[in-house]
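Structure file run09.pdb; described as PDB, C-alpha atoms.
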```pdb
ATOM      1  CA  MET A   1      99.262 -29.049  16.331  1.00  0.00           C
ATOM      2  CA  GLU A   2      98.482 -30.367  12.898  1.00  0.00           C
ATOM      3  CA  ALA A   3      95.340 -32.450  12.581  1.00  0.00           C
ATOM      4  CA  THR A   4      93.010 -33.915  10.014  1.00  0.00           C
ATOM      5  CA  TYR A   5      89.848 -35.952  10.083  1.00  0.00           C
ATOM      6  CA  SER A   6      88.022 -38.501   8.006  1.00  0.00           C
ATOM      7  CA  LEU A   7      84.437 -39.691   8.042  1.00  0.00           C
ATOM      8  CA  ARG A   8      83.827 -43.331   7.252  1.00  0.00           C
ATOM      9  CA  ASN A   9      81.331 -43.749   4.433  1.00  0.00           C
ATOM     10  CA  PRO A  10      79.618 -47.147   4.608  1.00  0.00           C
ATOM     11  CA  LEU A  11      78.904 -46.963   0.860  1.00  0.00           C
ATOM     12  CA  SER A  12      82.522 -46.262  -0.084  1.00  0.00           C
ATOM     13  CA  LEU A  13      84.482 -48.818  -2.084  1.00  0.00           C
ATOM     14  CA  GLU A  14      87.642 -47.768  -0.236  1.00  0.00           C
ATOM     15  CA  THR A  15      89.161 -50.784   1.503  1.00  0.00           C
ATOM     16  CA  ASP A  16      90.311 -50.918   5.123  1.00  0.00           C
ATOM     17  CA  ALA A  17      93.895 -51.209   3.808  1.00  0.00           C
ATOM     18  CA  GLU A  18      93.485 -47.978   1.811  1.00  0.00           C
ATOM     19  CA  ILE A  19      92.108 -46.196   4.863  1.00  0.00           C
ATOM     20  CA  GLU A  20      95.029 -47.452   6.951  1.00  0.00           C
ATOM     21  CA  ASN A  21      97.509 -46.303   4.264  1.00  0.00           C
ATOM     22  CA  ASN A  22      95.968 -42.807   4.332  1.00  0.00           C
ATOM     23  CA  ILE A  23      96.358 -42.731   8.113  1.00  0.00           C
ATOM     24  CA  ASN A  24      99.955 -43.974   7.951  1.00  0.00           C
ATOM     25  CA  ASP A  25     100.838 -41.389   5.273  1.00  0.00           C
ATOM     26  CA  PHE A  26      99.765 -38.641   7.707  1.00  0.00           C
ATOM     27  CA  LYS A  27     102.079 -40.122  10.403  1.00  0.00           C
ATOM     28  CA  PRO A  28      99.895 -39.268  13.410  1.00  0.00           C
ATOM     29  CA  THR A  29     101.288 -39.327  16.935  1.00  0.00           C
ATOM     30  CA  GLN A  30      97.786 -40.263  18.081  1.00  0.00           C
ATOM     31  CA  LEU A  31      94.612 -41.353  16.382  1.00  0.00           C
ATOM     32  CA  MET A  32      91.162 -40.673  17.818  1.00  0.00           C
ATOM     33  CA  ILE A  33      88.315 -42.912  16.737  1.00  0.00           C
ATOM     34  CA  ILE A  34      84.815 -41.661  17.497  1.00  0.00           C
ATOM     35  CA  LYS A  35      81.920 -44.065  17.012  1.00  0.00           C
ATOM     36  CA  GLN A  36      78.300 -43.505  17.913  1.00  0.00           C
ATOM     37  CA  THR A  37      77.062 -46.694  19.544  1.00  0.00           C
ATOM     38  CA  GLN A  38      73.568 -45.694  20.644  1.00  0.00           C
ATOM     39  CA  VAL A  39      70.861 -43.218  19.694  1.00  0.00           C
ATOM     40  CA  ASN A  40      68.161 -42.300  22.204  1.00  0.00           C
ATOM     41  CA  SER A  41      64.784 -40.956  21.192  1.00  0.00           C
ATOM     42  CA  LEU A  42      61.575 -39.886  22.847  1.00  0.00           C
ATOM     43  CA  ASN A  43      58.300 -39.477  20.972  1.00  0.00           C
ATOM     44  CA  GLY A  44      60.104 -39.937  17.657  1.00  0.00           C
ATOM     45  CA  LYS A  45      62.705 -37.230  18.305  1.00  0.00           C
ATOM     46  CA  ILE A  46      66.373 -37.875  18.976  1.00  0.00           C
ATOM     47  CA  ASN A  47      67.281 -36.638  22.449  1.00  0.00           C
ATOM     48  CA  GLY A  48      70.764 -38.058  22.954  1.00  0.00           C
ATOM     49  CA  GLY A  49      73.021 -41.030  22.567  1.00  0.00           C
ATOM     50  CA  THR A  50      76.268 -42.706  23.483  1.00  0.00           C
ATOM     51  CA  ILE A  51      79.590 -42.152  21.736  1.00  0.00           C
ATOM     52  CA  GLU A  52      82.590 -44.463  22.144  1.00  0.00           C
ATOM     53  CA  ILE A  53      85.941 -42.692  21.907  1.00  0.00           C
ATOM     54  CA  SER A  54      89.324 -44.410  21.569  1.00  0.00           C
ATOM     55  CA  ILE A  55      92.737 -42.778  21.381  1.00  0.00           C
ATOM     56  CA  ILE A  56      95.373 -44.950  19.745  1.00  0.00           C
ATOM     57  CA  ASP A  57      99.120 -44.379  19.933  1.00  0.00           C
ATOM     58  CA  GLY A  58     100.422 -43.652  16.439  1.00  0.00           C
ATOM     59  CA  THR A  59     103.668 -45.562  16.958  1.00  0.00           C
ATOM     60  CA  ASP A  60     102.730 -48.883  18.508  1.00  0.00           C
ATOM     61  CA  LYS A  61      99.031 -48.793  17.456  1.00  0.00           C
ATOM     62  CA  LYS A  62      97.876 -49.723  20.976  1.00  0.00           C
ATOM     63  CA  ILE A  63      94.872 -48.155  22.648  1.00  0.00           C
ATOM     64  CA  ALA A  64      96.129 -45.438  25.001  1.00  0.00           C
ATOM     65  CA  TRP A  65      92.732 -44.280  26.270  1.00  0.00           C
ATOM     66  CA  LYS A  66      89.104 -45.268  25.884  1.00  0.00           C
ATOM     67  CA  GLY A  67      85.864 -43.770  27.134  1.00  0.00           C
ATOM     68  CA  LEU A  68      82.151 -43.383  26.623  1.00  0.00           C
ATOM     69  CA  LEU A  69      80.455 -40.031  26.231  1.00  0.00           C
ATOM     70  CA  ASP A  70      76.751 -39.982  27.024  1.00  0.00           C
ATOM     71  CA  VAL A  71      74.919 -37.057  25.486  1.00  0.00           C
ATOM     72  CA  PHE A  72      71.406 -36.231  26.657  1.00  0.00           C
ATOM     73  CA  TYR A  73      69.870 -33.105  25.207  1.00  0.00           C
ATOM     74  CA  GLY A  74      67.058 -33.006  27.753  1.00  0.00           C
ATOM     75  CA  ASP A  75      69.544 -31.956  30.426  1.00  0.00           C
ATOM     76  CA  PHE A  76      70.457 -28.848  28.476  1.00  0.00           C
ATOM     77  CA  GLY A  77      67.324 -27.846  26.620  1.00  0.00           C
ATOM     78  CA  ASN A  78      68.446 -28.390  23.025  1.00  0.00           C
ATOM     79  CA  ALA A  79      70.879 -30.334  20.859  1.00  0.00           C
ATOM     80  CA  TYR A  80      73.353 -27.469  20.412  1.00  0.00           C
ATOM     81  CA  THR A  81      73.655 -26.734  24.130  1.00  0.00           C
ATOM     82  CA  GLY A  82      73.764 -30.444  24.979  1.00  0.00           C
ATOM     83  CA  ALA A  83      76.523 -31.135  22.459  1.00  0.00           C
ATOM     84  CA  ASN A  84      78.607 -28.179  23.688  1.00  0.00           C
ATOM     85  CA  ALA A  85      78.222 -29.226  27.329  1.00  0.00           C
ATOM     86  CA  SER A  86      79.217 -32.805  26.431  1.00  0.00           C
ATOM     87  CA  LEU A  87      82.291 -31.655  24.504  1.00  0.00           C
ATOM     88  CA  THR A  88      83.361 -29.521  27.458  1.00  0.00           C
ATOM     89  CA  LYS A  89      83.035 -32.545  29.769  1.00  0.00           C
ATOM     90  CA  PHE A  90      85.031 -34.629  27.289  1.00  0.00           C
ATOM     91  CA  ALA A  91      87.830 -32.046  27.009  1.00  0.00           C
ATOM     92  CA  ASN A  92      87.995 -31.724  30.812  1.00  0.00           C
ATOM     93  CA  LYS A  93      88.313 -35.511  31.124  1.00  0.00           C
ATOM     94  CA  LEU A  94      91.201 -35.544  28.621  1.00  0.00           C
ATOM     95  CA  ILE A  95      92.902 -32.780  30.639  1.00  0.00           C
ATOM     96  CA  GLU A  96      92.293 -34.677  33.890  1.00  0.00           C
ATOM     97  CA  ASP A  97      93.782 -37.861  32.381  1.00  0.00           C
ATOM     98  CA  GLY A  98      96.855 -35.972  31.105  1.00  0.00           C
ATOM     99  CA  LEU A  99      96.088 -36.283  27.387  1.00  0.00           C
ATOM    100  CA  LEU A 100      95.586 -32.547  26.882  1.00  0.00           C
ATOM    101  CA  PRO A 101      97.501 -29.706  28.542  1.00  0.00           C
ATOM    102  CA  GLN A 102      95.871 -27.701  31.328  1.00  0.00           C
ATOM    103  CA  LYS A 103      93.875 -24.634  30.287  1.00  0.00           C
ATOM    104  CA  GLN A 104      95.843 -21.419  30.534  1.00  0.00           C
TER
END
```
Take the structure from the file and write it as structure tokens.
Amino acid sequence: MEATYSLRNPLSLETDAEIENNINDFKPTQLMIIKQTQVNSLNGKINGGTIEISIIDGTDKKIAWKGLLDVFYGDFGNAYTGANASLTKFANKLIEDGLLPQKQ
């Protein structure tokens, strides 16, 4: 599977049309948009947050799947462990919903 990624820079002068042209030039079968919508903190330290994930069909540009991923580091002891556990949950959900093949 060929893939690429792009990070949106809020200070960039690149227009939305230019970003869309770059996406279209790649000709994706699906597009995943990941947007952090919430940051949680306790005593001035970040301890989690909420991430909104959308998967868009590359042909008709319609949303094929959407979900929220809540990450809470306190459940896992540290940011690295919490992020890994959250990514595993996310991948398992994509498998369950038929968007990724079963593990072999």
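Using the PyMOL selection byres ((chain A and resi 60) around 12) on this structure selects Asn24, Lys27, Pro28, Thr29, Gln30, Leu31, Ile56, Asp57, Gly58, Thr59, Lys61, Lys62, Ile63 and Ala64 of chain A.
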Quick one: contact table of region 23-55 of chain A to region 73-97 of chain A, 10 Å max, nearest atom pair and distance in Å to one decimal per residue, counting only C-alpha atoms, chain and number order, as a tab-separated table?
```
residue	atom	partner	partner_atom	distance
A:Asn40	CA	A:Tyr73	CA	9.8
A:Ile46	CA	A:Tyr73	CA	8.6
A:Asn47	CA	A:Tyr73	CA	5.2
A:Gly48	CA	A:Tyr73	CA	5.5
A:Gly49	CA	A:Tyr73	CA	8.9
A:Ile53	CA	A:Phe90	CA	9.7
```
Separation of CA of Gln38 (chain A) from CA of Thr50 (chain A), in Å and rounded to one decimal: 4.9 Å
Residue nearest Leu69 (chain A) among A:Ser12, A:Ser54, A:Gln102, A:Ser41 (counting only C-alpha atoms): A:Ser54
Given all atoms listed in the file as the counted atoms, nearest of A:Ile23, A:Gln36, A:Gly98, A:Lys103 to Val71 (chain A): A:Gln36
With 8 Å on each side, where is the centre of the axis-aligned box around all listed atoms of region 86-99 of chain A, and how long are its edges in Å to one decimal, as lines of an AutoDock Vina configuration file?
```
center_x = 88.0
center_y = -33.7
center_z = 29.2
size_x = 33.6
size_y = 24.3
size_z = 25.4
```
Atom-to-atom span, CA of Lys66 (chain A) and CA of Gln104 (chain A), Å: 25.2 Å
Residue IDs satisfying the PyMOL selection byres ((chain A and resi 2) around 10), as a ChimeraX atom specification: /A:1,3-4,26,28
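Reported to one decimal place, the separation of CA of Leu13 (chain A) from CA of Leu68 (chain A) is 29.3 Å.
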